[in-house]
$ cat data.txt   # compact mmCIF, C-alpha atoms
# COMPACT_ATOMS: atom_id res chain seq x y z
CA MET O 1 -0.13 2.85 -21.36
CA ALA O 2 -3.23 2.21 -23.43
CA ILE O 3 -5.51 -0.22 -21.67
CA PHE O 4 -7.87 -2.31 -23.78
CA SER O 5 -10.15 -3.14 -20.92
CA SER O 6 -13.44 -3.37 -22.74
CA LEU O 7 -14.32 -6.79 -24.03
CA ARG O 8 -16.98 -8.00 -26.39
CA ARG O 9 -19.79 -9.97 -24.78
CA ARG O 10 -21.33 -11.79 -27.68
CA SER O 11 -25.11 -11.75 -27.72
CA ALA O 12 -24.92 -14.55 -30.29
CA THR O 13 -23.77 -16.93 -27.58
CA ILE O 14 -26.81 -16.33 -25.37
CA SER O 15 -30.45 -15.51 -25.67
CA VAL O 16 -31.09 -12.02 -24.33
CA ALA O 17 -34.58 -13.10 -23.33
CA ALA O 18 -33.04 -15.74 -21.09
CA VAL O 19 -30.99 -13.25 -19.08
CA ALA O 20 -31.94 -13.39 -15.42
CA GLY O 21 -33.34 -10.49 -13.44
CA ALA O 22 -31.15 -7.53 -12.56
CA THR O 23 -29.60 -6.69 -9.23
CA ALA O 24 -31.44 -3.98 -7.34
CA VAL O 25 -29.56 -0.72 -6.99
CA GLY O 26 -29.79 -0.86 -3.22
CA VAL O 27 -28.51 -4.41 -2.92
CA CYS O 28 -26.94 -5.47 0.38
CA LEU O 29 -23.16 -5.22 0.32
CA ALA O 30 -22.43 -8.46 2.18
CA VAL O 31 -24.40 -11.24 3.80
CA SER O 32 -22.29 -11.29 6.94
CA SER O 33 -19.79 -9.08 8.69
CA ALA O 34 -16.90 -11.49 8.24
CA SER O 35 -14.84 -12.13 5.15
CA ALA O 36 -15.50 -15.73 4.22
CA GLY O 37 -13.10 -16.35 1.33
CA THR O 38 -9.34 -16.78 1.29
CA LEU O 39 -8.66 -13.05 0.85
CA SER O 40 -8.70 -10.44 3.58
CA GLY O 41 -7.69 -6.81 3.41
CA SER O 42 -8.31 -3.54 1.63
CA LEU O 43 -8.14 -3.35 -2.16
CA TYR O 44 -5.82 -0.84 -3.82
CA ARG O 45 -7.15 2.28 -5.51
CA ASP O 46 -5.02 3.19 -8.52
CA PRO O 47 -4.23 6.93 -8.26
CA SER O 48 -3.37 7.17 -11.95
CA SER O 49 -6.46 5.51 -13.40
CA ALA O 50 -8.31 7.19 -16.24
CA VAL O 51 -11.24 8.18 -14.03
CA VAL O 52 -9.00 9.71 -11.35
CA ARG O 53 -7.15 11.73 -13.98
CA TRP O 54 -10.43 12.88 -15.54
CA VAL O 55 -11.79 14.01 -12.17
CA ALA O 56 -8.59 15.95 -11.45
CA ALA O 57 -8.72 17.65 -14.85
CA ASN O 58 -12.44 18.56 -14.74
CA PRO O 59 -13.26 20.05 -11.31
CA GLY O 60 -16.00 22.28 -12.74
CA ASP O 61 -17.88 19.65 -14.72
CA SER O 62 -21.43 19.05 -13.48
CA ARG O 63 -20.80 15.30 -13.50
CA THR O 64 -17.58 15.40 -11.52
CA ALA O 65 -18.92 15.12 -7.97
CA VAL O 66 -20.94 11.98 -8.72
CA ILE O 67 -18.12 10.33 -10.69
CA ARG O 68 -15.58 11.31 -8.03
CA ASP O 69 -17.55 10.07 -5.01
CA LYS O 70 -18.92 6.84 -6.46
CA ILE O 71 -16.33 5.67 -9.02
CA ALA O 72 -12.97 7.45 -8.68
CA SER O 73 -12.97 6.79 -4.94
CA GLN O 74 -13.05 3.03 -5.45
CA PRO O 75 -10.38 0.39 -6.13
CA GLN O 76 -10.41 -0.94 -9.69
CA ALA O 77 -8.23 -3.27 -11.73
CA ARG O 78 -5.15 -2.06 -13.58
CA TRP O 79 -5.14 -3.67 -17.03
CA PHE O 80 -1.92 -4.90 -18.61
CA ALA O 81 -2.81 -5.22 -22.28
CA ASN O 82 0.08 -3.78 -24.30
CA PHE O 83 2.62 -6.17 -25.77
CA ASN O 84 5.68 -4.61 -24.15
CA PRO O 85 8.03 -7.40 -23.00
CA SER O 86 10.93 -5.00 -22.44
CA THR O 87 9.05 -2.67 -20.06
CA VAL O 88 6.30 -4.73 -18.46
CA GLN O 89 8.42 -5.81 -15.49
CA SER O 90 9.16 -2.22 -14.46
CA GLU O 91 5.54 -1.17 -15.00
CA VAL O 92 4.27 -4.00 -12.83
CA SER O 93 6.92 -3.40 -10.18
CA GLY O 94 6.00 0.28 -9.91
CA PHE O 95 2.30 -0.48 -9.55
CA ILE O 96 2.90 -3.25 -7.01
CA GLY O 97 5.30 -1.08 -5.02
CA ALA O 98 2.72 1.68 -4.63
CA ALA O 99 0.07 -0.83 -3.50
CA ASN O 100 2.46 -2.44 -1.02
CA ALA O 101 3.35 0.98 0.39
CA ALA O 102 -0.35 1.62 0.97
CA GLN O 103 -0.69 -1.83 2.58
CA GLN O 104 -3.45 -2.70 0.13
CA ILE O 105 -4.13 -5.51 -2.34
CA PRO O 106 -3.72 -4.60 -6.02
CA VAL O 107 -5.84 -6.15 -8.78
CA LEU O 108 -4.08 -6.75 -12.10
CA ALA O 109 -5.97 -7.84 -15.22
CA VAL O 110 -3.69 -9.62 -17.70
CA TYR O 111 -5.08 -9.29 -21.24
CA GLU O 112 -2.35 -10.37 -23.59
CA ILE O 113 -3.27 -13.81 -24.96
CA THR O 114 -2.64 -14.33 -28.67
CA ASN O 115 -5.76 -13.72 -30.82
CA ARG O 116 -7.64 -12.18 -27.94
CA ASP O 117 -11.32 -11.30 -28.39
CA CYS O 118 -11.29 -13.38 -31.60
CA GLY O 119 -10.31 -10.26 -33.52
CA GLY O 120 -13.23 -8.19 -32.18
CA ALA O 121 -13.28 -4.68 -30.74
CA SER O 122 -10.44 -5.49 -28.33
CA ALA O 123 -8.28 -7.45 -30.78
CA GLY O 124 -4.58 -7.69 -30.13
CA GLY O 125 -2.33 -9.54 -27.73
CA ALA O 126 1.02 -11.22 -28.14
CA PRO O 127 1.97 -12.08 -31.73
CA ASP O 128 2.32 -15.77 -30.86
CA LEU O 129 2.26 -17.98 -27.77
CA ASN O 130 6.03 -18.22 -27.45
CA GLN O 131 6.25 -14.46 -27.22
CA TYR O 132 3.27 -14.54 -24.86
CA GLN O 133 5.24 -16.72 -22.45
CA THR O 134 8.18 -14.31 -22.61
CA TRP O 135 5.85 -11.44 -21.74
CA VAL O 136 4.29 -13.40 -18.84
CA SER O 137 7.72 -14.30 -17.46
CA ASN O 138 8.72 -10.64 -17.43
CA PHE O 139 5.35 -9.70 -15.92
CA ALA O 140 5.81 -12.24 -13.10
CA ARG O 141 9.24 -10.82 -12.19
CA GLY O 142 7.62 -7.54 -11.15
CA LEU O 143 5.01 -8.97 -8.77
CA GLY O 144 6.96 -8.79 -5.51
CA ASN O 145 6.01 -11.13 -2.68
CA GLN O 146 2.88 -9.62 -1.14
CA THR O 147 -0.72 -10.60 -1.89
CA VAL O 148 -1.85 -9.62 -5.38
CA ILE O 149 -4.94 -10.57 -7.38
CA ILE O 150 -4.43 -11.63 -10.99
CA ILE O 151 -7.38 -11.75 -13.39
CA LEU O 152 -5.82 -13.91 -16.08
CA GLU O 153 -7.04 -13.42 -19.66
CA THR O 154 -10.68 -12.41 -19.78
CA ASP O 155 -12.68 -14.24 -22.51
CA SER O 156 -9.79 -16.62 -23.16
CA LEU O 157 -11.75 -19.73 -22.19
CA ALA O 158 -15.37 -18.64 -22.64
CA LEU O 159 -14.78 -17.41 -26.19
CA LEU O 160 -13.21 -20.12 -28.34
CA THR O 161 -15.32 -19.97 -31.50
CA CYS O 162 -12.50 -18.61 -33.67
CA LEU O 163 -9.96 -21.29 -32.67
CA SER O 164 -9.29 -24.74 -34.12
CA SER O 165 -8.92 -27.75 -31.82
CA ALA O 166 -5.14 -27.48 -32.04
CA GLU O 167 -5.27 -23.77 -31.23
CA ILE O 168 -7.54 -24.43 -28.24
CA ASN O 169 -5.09 -27.01 -26.90
CA ALA O 170 -2.20 -24.60 -27.37
CA ARG O 171 -4.09 -21.81 -25.60
CA ASN O 172 -4.95 -24.11 -22.69
CA GLN O 173 -1.29 -25.03 -22.30
CA ALA O 174 -0.27 -21.37 -22.49
CA ILE O 175 -2.70 -20.34 -19.74
CA SER O 176 -1.68 -23.27 -17.54
CA THR O 177 1.99 -22.34 -17.97
CA ALA O 178 1.23 -18.66 -17.32
CA THR O 179 -0.55 -19.55 -14.07
CA ARG O 180 2.42 -21.55 -12.82
CA THR O 181 4.86 -18.87 -13.95
CA ILE O 182 2.99 -16.19 -11.99
CA LYS O 183 2.75 -18.43 -8.92
CA SER O 184 6.47 -19.12 -9.14
CA GLY O 185 7.23 -15.40 -9.42
CA ASN O 186 5.07 -14.58 -6.40
CA PRO O 187 3.73 -17.49 -4.30
CA ASN O 188 1.28 -15.08 -2.64
CA ALA O 189 -0.35 -14.19 -5.96
CA LYS O 190 -4.02 -15.16 -6.20
CA VAL O 191 -4.65 -16.23 -9.80
CA TYR O 192 -8.15 -16.60 -11.28
CA LEU O 193 -9.03 -18.00 -14.71
CA ASP O 194 -11.82 -17.07 -17.11
CA ALA O 195 -15.26 -18.61 -16.50
CA GLY O 196 -17.32 -16.28 -18.70
CA HIS O 197 -20.61 -15.54 -16.99
CA SER O 198 -23.86 -17.14 -15.96
CA THR O 199 -25.66 -16.63 -19.29
CA TRP O 200 -22.89 -17.84 -21.57
CA ASN O 201 -21.61 -21.42 -21.35
CA SER O 202 -23.07 -24.02 -18.98
CA ALA O 203 -21.44 -24.68 -15.61
CA GLY O 204 -20.37 -28.16 -16.73
CA GLU O 205 -18.80 -26.89 -19.94
CA THR O 206 -17.12 -24.06 -18.05
CA ALA O 207 -15.64 -26.51 -15.55
CA ASN O 208 -14.31 -28.67 -18.41
CA ARG O 209 -12.61 -25.64 -19.97
CA LEU O 210 -11.14 -24.54 -16.65
CA ARG O 211 -9.72 -28.00 -16.01
CA ALA O 212 -8.17 -28.11 -19.49
CA ALA O 213 -6.51 -24.74 -18.87
CA GLY O 214 -4.97 -25.77 -15.53
CA VAL O 215 -7.33 -24.36 -12.92
CA GLN O 216 -5.83 -26.90 -10.53
CA TYR O 217 -2.78 -24.60 -10.38
CA ALA O 218 -4.88 -21.47 -9.86
CA ASP O 219 -6.88 -20.17 -6.92
CA GLY O 220 -10.16 -20.22 -8.80
CA PHE O 221 -12.03 -18.38 -11.52
CA PHE O 222 -13.65 -15.04 -12.30
CA THR O 223 -17.03 -14.26 -13.85
CA ASN O 224 -19.08 -11.36 -15.24
CA VAL O 225 -16.21 -9.16 -16.46
CA SER O 226 -17.70 -6.36 -18.58
CA ASN O 227 -21.17 -7.83 -18.11
CA TYR O 228 -24.38 -7.07 -16.24
CA ASN O 229 -25.63 -10.32 -14.72
CA SER O 230 -26.79 -10.02 -11.12
CA THR O 231 -24.42 -10.94 -8.33
CA SER O 232 -26.85 -13.58 -7.06
CA ASN O 233 -27.02 -15.26 -10.47
CA GLU O 234 -23.24 -15.19 -10.78
CA ALA O 235 -22.85 -16.67 -7.30
CA ASN O 236 -25.27 -19.48 -8.14
CA PHE O 237 -23.38 -20.13 -11.37
CA GLY O 238 -20.10 -20.13 -9.46
CA ARG O 239 -21.40 -22.72 -7.00
CA ALA O 240 -22.41 -24.94 -9.90
CA VAL O 241 -18.95 -24.59 -11.48
CA ILE O 242 -17.27 -25.39 -8.15
CA SER O 243 -19.50 -28.44 -7.75
CA ALA O 244 -18.57 -29.64 -11.23
CA LEU O 245 -14.86 -29.12 -10.50
CA ASN O 246 -15.22 -31.03 -7.25
CA GLY O 247 -16.71 -33.90 -9.24
CA MET O 248 -13.54 -33.89 -11.34
CA GLY O 249 -11.36 -34.13 -8.24
CA ILE O 250 -10.40 -30.43 -8.30
CA SER O 251 -11.31 -28.93 -4.94
CA GLY O 252 -10.72 -25.71 -3.04
CA LYS O 253 -11.37 -23.33 -5.95
CA ARG O 254 -13.18 -20.04 -5.39
CA GLN O 255 -14.83 -17.35 -7.43
CA VAL O 256 -14.41 -13.61 -7.85
CA ILE O 257 -17.24 -11.60 -9.44
CA ASP O 258 -17.02 -8.38 -11.43
CA THR O 259 -19.71 -6.09 -10.00
CA SER O 260 -18.58 -2.93 -11.78
CA ARG O 261 -21.86 -2.40 -13.62
CA ASN O 262 -24.39 -5.06 -12.62
CA GLY O 263 -26.52 -2.90 -10.30
CA GLY O 264 -29.13 -2.02 -12.93
CA ALA O 265 -30.83 -3.61 -15.91
CA SER O 266 -29.31 -6.57 -17.71
CA GLY O 267 -29.58 -7.33 -21.41
CA ASP O 268 -27.36 -6.79 -24.43
CA TRP O 269 -23.61 -7.04 -23.80
CA CYS O 270 -22.62 -3.57 -25.00
CA GLY O 271 -22.93 -0.72 -22.51
CA ASP O 272 -21.94 2.19 -24.74
CA ASP O 273 -25.50 2.98 -25.77
CA ASN O 274 -27.35 1.97 -22.60
CA THR O 275 -28.48 4.38 -19.90
CA ASP O 276 -30.17 1.84 -17.62
CA ARG O 277 -26.93 0.43 -16.18
CA ARG O 278 -25.65 1.09 -12.65
CA ILE O 279 -22.54 0.27 -10.71
CA GLY O 280 -23.09 -2.80 -8.55
CA GLN O 281 -21.67 -3.79 -5.20
CA TYR O 282 -18.64 -1.79 -4.20
CA PRO O 283 -15.30 -3.66 -4.38
CA THR O 284 -14.49 -5.69 -1.29
CA THR O 285 -12.91 -8.90 -0.03
CA ASN O 286 -15.59 -9.02 2.66
CA THR O 287 -18.13 -11.11 0.74
CA GLY O 288 -19.56 -13.24 3.54
CA ASP O 289 -19.66 -16.18 1.11
CA SER O 290 -17.20 -19.05 1.53
CA ASN O 291 -17.18 -19.64 -2.24
CA ILE O 292 -16.43 -16.03 -3.21
CA ASP O 293 -13.08 -14.39 -2.51
CA ALA O 294 -13.98 -10.88 -3.67
CA TYR O 295 -16.38 -8.59 -5.47
CA LEU O 296 -14.16 -6.59 -7.82
CA TRP O 297 -14.43 -3.78 -10.34
CA VAL O 298 -12.42 -5.51 -13.04
CA LYS O 299 -14.04 -3.53 -15.83
CA PRO O 300 -13.38 0.12 -14.90
CA PRO O 301 -16.78 1.87 -14.85
CA GLY O 302 -16.98 4.44 -17.61
CA GLU O 303 -14.64 2.68 -20.02
CA ALA O 304 -16.28 1.88 -23.34
CA ASP O 305 -17.02 -1.50 -24.95
CA GLY O 306 -16.19 -0.52 -28.51
CA CYS O 307 -19.70 -0.04 -29.92
CA ARG O 308 -20.22 3.71 -29.83
CA TYR O 309 -16.78 4.67 -28.52
CA THR O 310 -13.27 3.23 -28.86
CA ALA O 311 -12.90 0.12 -26.70
CA GLY O 312 -11.21 0.95 -23.41
CA SER O 313 -11.53 4.73 -23.69
CA PHE O 314 -12.88 6.54 -20.63
CA GLN O 315 -16.16 8.31 -21.31
CA PRO O 316 -17.53 10.58 -18.56
CA ASP O 317 -21.11 10.30 -19.81
CA LEU O 318 -20.92 6.51 -19.40
CA ALA O 319 -19.41 6.87 -15.94
CA PHE O 320 -22.05 9.38 -14.87
CA SER O 321 -24.83 7.14 -16.17
CA LEU O 322 -23.48 4.22 -14.13
CA ALA O 323 -23.01 6.24 -10.94
CA ASN O 324 -26.00 8.59 -10.97
CA GLY O 325 -28.67 7.19 -8.66
CA ALA O 326 -26.47 4.39 -7.34
CA PRO O 327 -26.00 4.04 -3.57
CA ASN O 328 -23.18 5.87 -1.84
CA PRO O 329 -20.02 3.97 -0.89
CA PRO O 330 -20.21 2.17 2.45
CA THR O 331 -18.23 3.09 5.52
CA THR O 332 -15.67 0.55 6.62
CA THR O 333 -14.79 -1.18 9.86
CA PRO O 334 -11.14 -0.95 10.91
CA PRO O 335 -9.11 -4.14 11.36
CA THR O 336 -9.55 -5.90 14.68
CA THR O 337 -5.79 -6.30 15.07
CA THR O 338 -3.57 -3.37 16.00
CA PRO O 339 -0.95 -2.61 13.34
CA PRO O 340 2.61 -3.11 14.59
CA THR O 341 4.46 0.03 15.59
CA THR O 342 7.80 0.73 13.96
CA THR O 343 10.51 3.32 14.29
CA PRO O 344 9.90 5.77 11.46
CA PRO O 345 12.70 6.17 8.92
CA THR O 346 14.53 9.45 8.51
CA THR O 347 12.69 10.14 5.25
CA THR O 348 8.93 10.58 5.02
CA PRO O 349 7.38 7.13 4.49
CA PRO O 350 4.78 6.61 1.76
CA THR O 351 2.33 5.31 4.36
CA THR O 352 1.66 7.05 7.66
CA PRO O 353 1.31 4.48 10.48
CA PRO O 354 -2.06 4.94 12.17
CA SER O 355 -2.08 5.98 15.79
CA SER O 356 -4.08 4.09 18.39
CA PRO O 357 -7.83 4.82 18.48
CA PRO O 358 -8.73 7.41 21.11
CA ALA O 359 -9.54 5.89 24.49
CA GLY O 360 -12.45 8.29 24.93
CA ASP O 361 -14.77 10.08 22.58
CA GLY O 362 -13.75 11.96 19.45
CA CYS O 363 -12.03 10.77 16.29
CA TYR O 364 -8.61 10.23 14.80
CA ALA O 365 -7.25 10.13 11.25
CA SER O 366 -4.57 8.04 9.55
CA ILE O 367 -3.11 8.80 6.12
CA ALA O 368 -1.65 6.64 3.35
CA VAL O 369 0.18 8.61 0.65
CA ASN O 370 1.20 7.59 -2.85
CA GLN O 371 3.79 10.06 -4.12
CA TRP O 372 5.15 10.35 -7.66
CA ALA O 373 7.17 12.97 -9.49
CA GLY O 374 5.09 16.12 -9.42
CA GLY O 375 2.02 14.82 -7.61
CA PHE O 376 0.40 12.51 -5.09
CA THR O 377 -2.82 10.98 -3.84
CA ALA O 378 -3.71 10.51 -0.19
CA SER O 379 -6.20 8.07 1.34
CA VAL O 380 -7.45 9.10 4.79
CA THR O 381 -9.24 6.85 7.28
CA VAL O 382 -11.36 8.57 9.93
CA THR O 383 -12.09 6.40 12.98
CA ALA O 384 -14.51 7.19 15.80
CA GLY O 385 -13.59 6.75 19.44
CA LYS O 386 -15.71 4.72 21.83
CA SER O 387 -18.86 6.70 20.99
CA ASP O 388 -20.65 7.44 17.73
CA ILE O 389 -19.86 10.73 15.98
CA ASN O 390 -22.18 12.79 13.79
CA GLY O 391 -19.71 14.82 11.79
CA TRP O 392 -15.96 15.31 11.49
CA THR O 393 -13.30 17.62 10.16
CA VAL O 394 -9.73 16.59 9.40
CA THR O 395 -7.00 19.20 9.01
CA VAL O 396 -3.87 18.26 7.09
CA PRO O 397 -0.69 20.38 6.89
CA LEU O 398 0.38 20.54 3.25
CA PRO O 399 3.31 22.98 3.01
CA GLY O 400 4.83 21.51 -0.15
CA GLY O 401 1.82 20.74 -2.28
CA ALA O 402 -1.62 21.84 -3.41
CA VAL O 403 -4.91 19.94 -3.47
CA THR O 404 -6.53 19.62 -6.90
CA SER O 405 -9.47 17.35 -6.08
CA ALA O 406 -11.03 15.38 -3.24
CA TRP O 407 -13.63 12.64 -2.90
CA ASN O 408 -15.98 11.69 -0.05
CA ALA O 409 -15.19 15.01 1.67
CA GLN O 410 -15.66 18.76 1.27
CA VAL O 411 -12.34 20.59 1.04
CA SER O 412 -11.47 24.01 2.45
CA GLY O 413 -8.30 25.55 1.07
CA THR O 414 -5.77 24.08 -1.31
CA SER O 415 -2.39 24.49 0.41
CA GLY O 416 -0.89 25.25 3.77
CA THR O 417 -3.31 23.74 6.29
CA VAL O 418 -6.19 22.18 4.37
CA GLY O 419 -9.48 21.18 5.96
CA PHE O 420 -11.65 18.23 4.94
CA THR O 421 -15.21 17.91 6.25
CA ASN O 422 -17.61 15.01 5.88
CA VAL O 423 -20.27 14.94 3.17
CA SER O 424 -23.90 14.06 3.85
CA TYR O 425 -23.57 10.28 3.76
CA ASN O 426 -20.40 9.68 5.80
CA GLY O 427 -20.63 12.11 8.72
CA ARG O 428 -22.14 9.58 11.09
CA VAL O 429 -19.58 6.98 12.16
CA LEU O 430 -20.34 4.40 14.81
CA GLY O 431 -18.00 3.92 17.75
CA ARG O 432 -14.73 2.19 16.82
CA GLN O 433 -15.74 2.14 13.15
CA SER O 434 -14.31 4.07 10.20
CA THR O 435 -15.04 5.92 7.02
CA ASN O 436 -12.69 7.02 4.25
CA PHE O 437 -12.00 9.99 2.04
CA GLY O 438 -9.17 10.92 -0.29
CA PHE O 439 -7.58 13.74 -2.18
CA GLN O 440 -5.14 14.34 -5.02
CA GLY O 441 -2.67 17.12 -5.52
CA THR O 442 0.46 18.49 -7.09
CA GLY O 443 3.84 18.81 -5.45
CA THR O 444 4.66 17.01 -2.21
CA GLY O 445 2.01 15.09 -0.30
CA PRO O 446 1.22 15.45 3.41
CA GLY O 447 3.46 14.24 6.19
CA VAL O 448 2.57 12.29 9.29
CA LEU O 449 0.37 14.89 10.97
CA ALA O 450 -3.41 15.01 10.68
CA ASP O 451 -5.89 16.27 13.27
CA CYS O 452 -9.49 15.09 13.53
CA VAL O 453 -12.24 16.87 15.43
CA THR O 454 -15.94 16.14 15.65
CA ASN O 455 -18.39 18.72 14.36

$ encode --input "data.txt" --output "structure tokens"
Amino acid sequence: MAIFSSLRRRSATISVAAVAGATAVGVCLAVSSASAGTLSGSLYRDPSSAVVRWVAANPGDSRTAVIRDKIASQPQARWFANFNPSTVQSEVSGFIGAANAAQQIPVLAVYEITNRDCGGASAGGAPDLNQYQTWVSNFARGLGNQTVIIILETDSLALLTCLSSAEINARNQAISTATRTIKSGNPNAKVYLDAGHSTWNSAGETANRLRAAGVQYADGFFTNVSNYNSTSNEANFGRAVISALNGMGISGKRQVIDTSRNGGASGDWCGDDNTDRRIGQYPTTNTGDSNIDAYLWVKPPGEADGCRYTAGSFQPDLAFSLANGAPNPPTTTPPTTTPPTTTPPTTTPPTTPPSSPPAGDGCYASIAVNQWAGGFTASVTVTAGKSDINGWTVTVPLPGGAVTSAWNAQVSGTSGTVGFTNVSYNGRVLGRQSTNFGFQGTGTGPGVLADCVTN
């Protein structure tokens, strides 16, 4: 499916000179150790994203290691941007099913509103709003009943310059109806509406537009998609929008921020010709801010804006520019609750239940597998015992498949029993804490067995 995930940020709507300072590359990942928003859990990494496929197809490229370790390893949004009412339900259901099997939260960016992008580089969408509602209804039927994050119609409220008053009213009604349709399809869906970004419309004007589009039915709003404003500036802007909504009697709304490329210089909206951009904070629901539910990579790093390259196309030189020199991904802390144990089914499950952490020293590994016809990806969590470890090796029996690429680990062998050893930045793991690596392959993925030893 073609994904038109690059969106025009109009410099005509802001003064570039007024753009606030950039986020430092080494910015802190969270201000506290506890998730403070309404979301909690790991975000889903799409194993069929453009960057993952590029990494798998280009193992010898000099840029691959950096792109693999810092971009392909991370969860990013799946964009639904093709007008395909007859197939969208099955596409959504397949994506959601894989995320549910991995026990992770998927992020879906809906980009289908009529006259999207005001006819710019990402023009398209449903032919009219009646057909838009049909598409949304079919989309909602595929969402299941687990937690999902919906980024609903980027630019749809911040960019209204091409619409008449009647068209604005019709769009507002369409977005409000879409929000309620999605919530009806999956009551656990977290729906966020478009709030532009901190250097576009004012907080008061943004709040007015959100209210007109039915934010009272949503969980909140998103900012900074495809843009470069610092996380701190976006958070301040979000607080101002929340305050304005509270003044209108709309309370309890929260923000999500796109941090996919705000870790370097700010400035003009188009990233195709800029080499001073960097990926920002890695995706997480652990924000430490009660107003912010998540930092997300809504705009997939490396996908073009439509200036130099076709909008939405993956460009490895852009991805490498964003990742090169950026900090390494953080290690993660395992959940404080012990996952329930279940009797395994007779067939190999898509997710391997983790075993209990070792009572003594050492390490253990748990695997989550996403299998499809002809291939798979595996996400592996390495957890230390009661004491810190300074290096690890995980061996995985793989009798029915072959490894084609790996991230956040060095791989030894491709089939049979395959070994994975830590890289320089994730060998040290504190007691009872975790780090992650992953790999992709052809054939059948690994089973339930994985051994971990310290180096």

$ residues_around --input "data.txt" --residues "stretch 411-420 of chain O" --least-positions-apart "2" --cutoff "7 Å" --atoms "all atoms listed in the file" --output "list in words"
Thr393, Val394, Thr395, Val396, Pro397, Leu398, Pro399, Gly401, Ala402, Val403, Ala406, Ala409 and Asn422 of chain O

$ closest_residue --input "data.txt" --among "O:Val55, O:Cys363, O:Val148, O:Leu129" --to "O:Asp69" --atoms "all atoms listed in the file"
O:Val55

$ closest_residue --input "data.txt" --among "O:Arg63, O:Arg432, O:Arg68, O:Arg211" --to "O:Gly247" --atoms "all atoms listed in the file"
O:Arg211

$ residues_around --input "data.txt" --residues "stretch 436-441 of chain O" --least-positions-apart "6" --cutoff "6 Å" --atoms "only C-alpha atoms" --output "PyMOL selection string"
chain O and resi 375-381+402-409

$ write_last_selection --input "data.txt" --atoms "C-alpha atoms" --output "compact mmCIF listing (two decimals), in the coordinates of the input"
# COMPACT_ATOMS: atom_id res chain seq x y z
CA GLY O 375 2.02 14.82 -7.61
CA PHE O 376 0.40 12.51 -5.09
CA THR O 377 -2.82 10.98 -3.84
CA ALA O 378 -3.71 10.51 -0.19
CA SER O 379 -6.20 8.07 1.34
CA VAL O 380 -7.45 9.10 4.79
CA THR O 381 -9.24 6.85 7.28
CA ALA O 402 -1.62 21.84 -3.41
CA VAL O 403 -4.91 19.94 -3.47
CA THR O 404 -6.53 19.62 -6.90
CA SER O 405 -9.47 17.35 -6.08
CA ALA O 406 -11.03 15.38 -3.24
CA TRP O 407 -13.63 12.64 -2.90
CA ASN O 408 -15.98 11.69 -0.05
CA ALA O 409 -15.19 15.01 1.67

$ residues_around --input "data.txt" --residues "stretch 154-160 of chain O" --least-positions-apart "3" --cutoff "10 Å" --atoms "all atoms listed in the file" --output "PyMOL selection string"
chain O and resi 5-10+13+109-118+151+163-165+167-168+171-172+175+192-197+200-201+205-206+209-210+212-213+222-226+298

$ write_last_selection --input "data.txt" --atoms "C-alpha atoms" --output "compact mmCIF listing (two decimals), keeping the file's coordinate frame"
# COMPACT_ATOMS: atom_id res chain seq x y z
CA SER O 5 -10.15 -3.14 -20.92
CA SER O 6 -13.44 -3.37 -22.74
CA LEU O 7 -14.32 -6.79 -24.03
CA ARG O 8 -16.98 -8.00 -26.39
CA ARG O 9 -19.79 -9.97 -24.78
CA ARG O 10 -21.33 -11.79 -27.68
CA THR O 13 -23.77 -16.93 -27.58
CA ALA O 109 -5.97 -7.84 -15.22
CA VAL O 110 -3.69 -9.62 -17.70
CA TYR O 111 -5.08 -9.29 -21.24
CA GLU O 112 -2.35 -10.37 -23.59
CA ILE O 113 -3.27 -13.81 -24.96
CA THR O 114 -2.64 -14.33 -28.67
CA ASN O 115 -5.76 -13.72 -30.82
CA ARG O 116 -7.64 -12.18 -27.94
CA ASP O 117 -11.32 -11.30 -28.39
CA CYS O 118 -11.29 -13.38 -31.60
CA ILE O 151 -7.38 -11.75 -13.39
CA LEU O 163 -9.96 -21.29 -32.67
CA SER O 164 -9.29 -24.74 -34.12
CA SER O 165 -8.92 -27.75 -31.82
CA GLU O 167 -5.27 -23.77 -31.23
CA ILE O 168 -7.54 -24.43 -28.24
CA ARG O 171 -4.09 -21.81 -25.60
CA ASN O 172 -4.95 -24.11 -22.69
CA ILE O 175 -2.70 -20.34 -19.74
CA TYR O 192 -8.15 -16.60 -11.28
CA LEU O 193 -9.03 -18.00 -14.71
CA ASP O 194 -11.82 -17.07 -17.11
CA ALA O 195 -15.26 -18.61 -16.50
CA GLY O 196 -17.32 -16.28 -18.70
CA HIS O 197 -20.61 -15.54 -16.99
CA TRP O 200 -22.89 -17.84 -21.57
CA ASN O 201 -21.61 -21.42 -21.35
CA GLU O 205 -18.80 -26.89 -19.94
CA THR O 206 -17.12 -24.06 -18.05
CA ARG O 209 -12.61 -25.64 -19.97
CA LEU O 210 -11.14 -24.54 -16.65
CA ALA O 212 -8.17 -28.11 -19.49
CA ALA O 213 -6.51 -24.74 -18.87
CA PHE O 222 -13.65 -15.04 -12.30
CA THR O 223 -17.03 -14.26 -13.85
CA ASN O 224 -19.08 -11.36 -15.24
CA VAL O 225 -16.21 -9.16 -16.46
CA SER O 226 -17.70 -6.36 -18.58
CA VAL O 298 -12.42 -5.51 -13.04

$ atom_distance --input "data.txt" --atom1 "atom CA of O:Pro75" --atom2 "atom CA of O:Gly443"
23.3 Å

$ residues_around --input "data.txt" --residues "O:Ala203" --least-positions-apart "6" --cutoff "8 Å" --atoms "all atoms listed in the file" --output "PDB file with C-alpha atoms, in the frame of the given file"
ATOM      1  CA  PHE O 237     -23.380 -20.130 -11.370  1.00  0.00           C
ATOM      2  CA  GLY O 238     -20.100 -20.130  -9.460  1.00  0.00           C
ATOM      3  CA  ALA O 240     -22.410 -24.940  -9.900  1.00  0.00           C
ATOM      4  CA  VAL O 241     -18.950 -24.590 -11.480  1.00  0.00           C
ATOM      5  CA  ALA O 244     -18.570 -29.640 -11.230  1.00  0.00           C
TER       6      ALA O 244
END
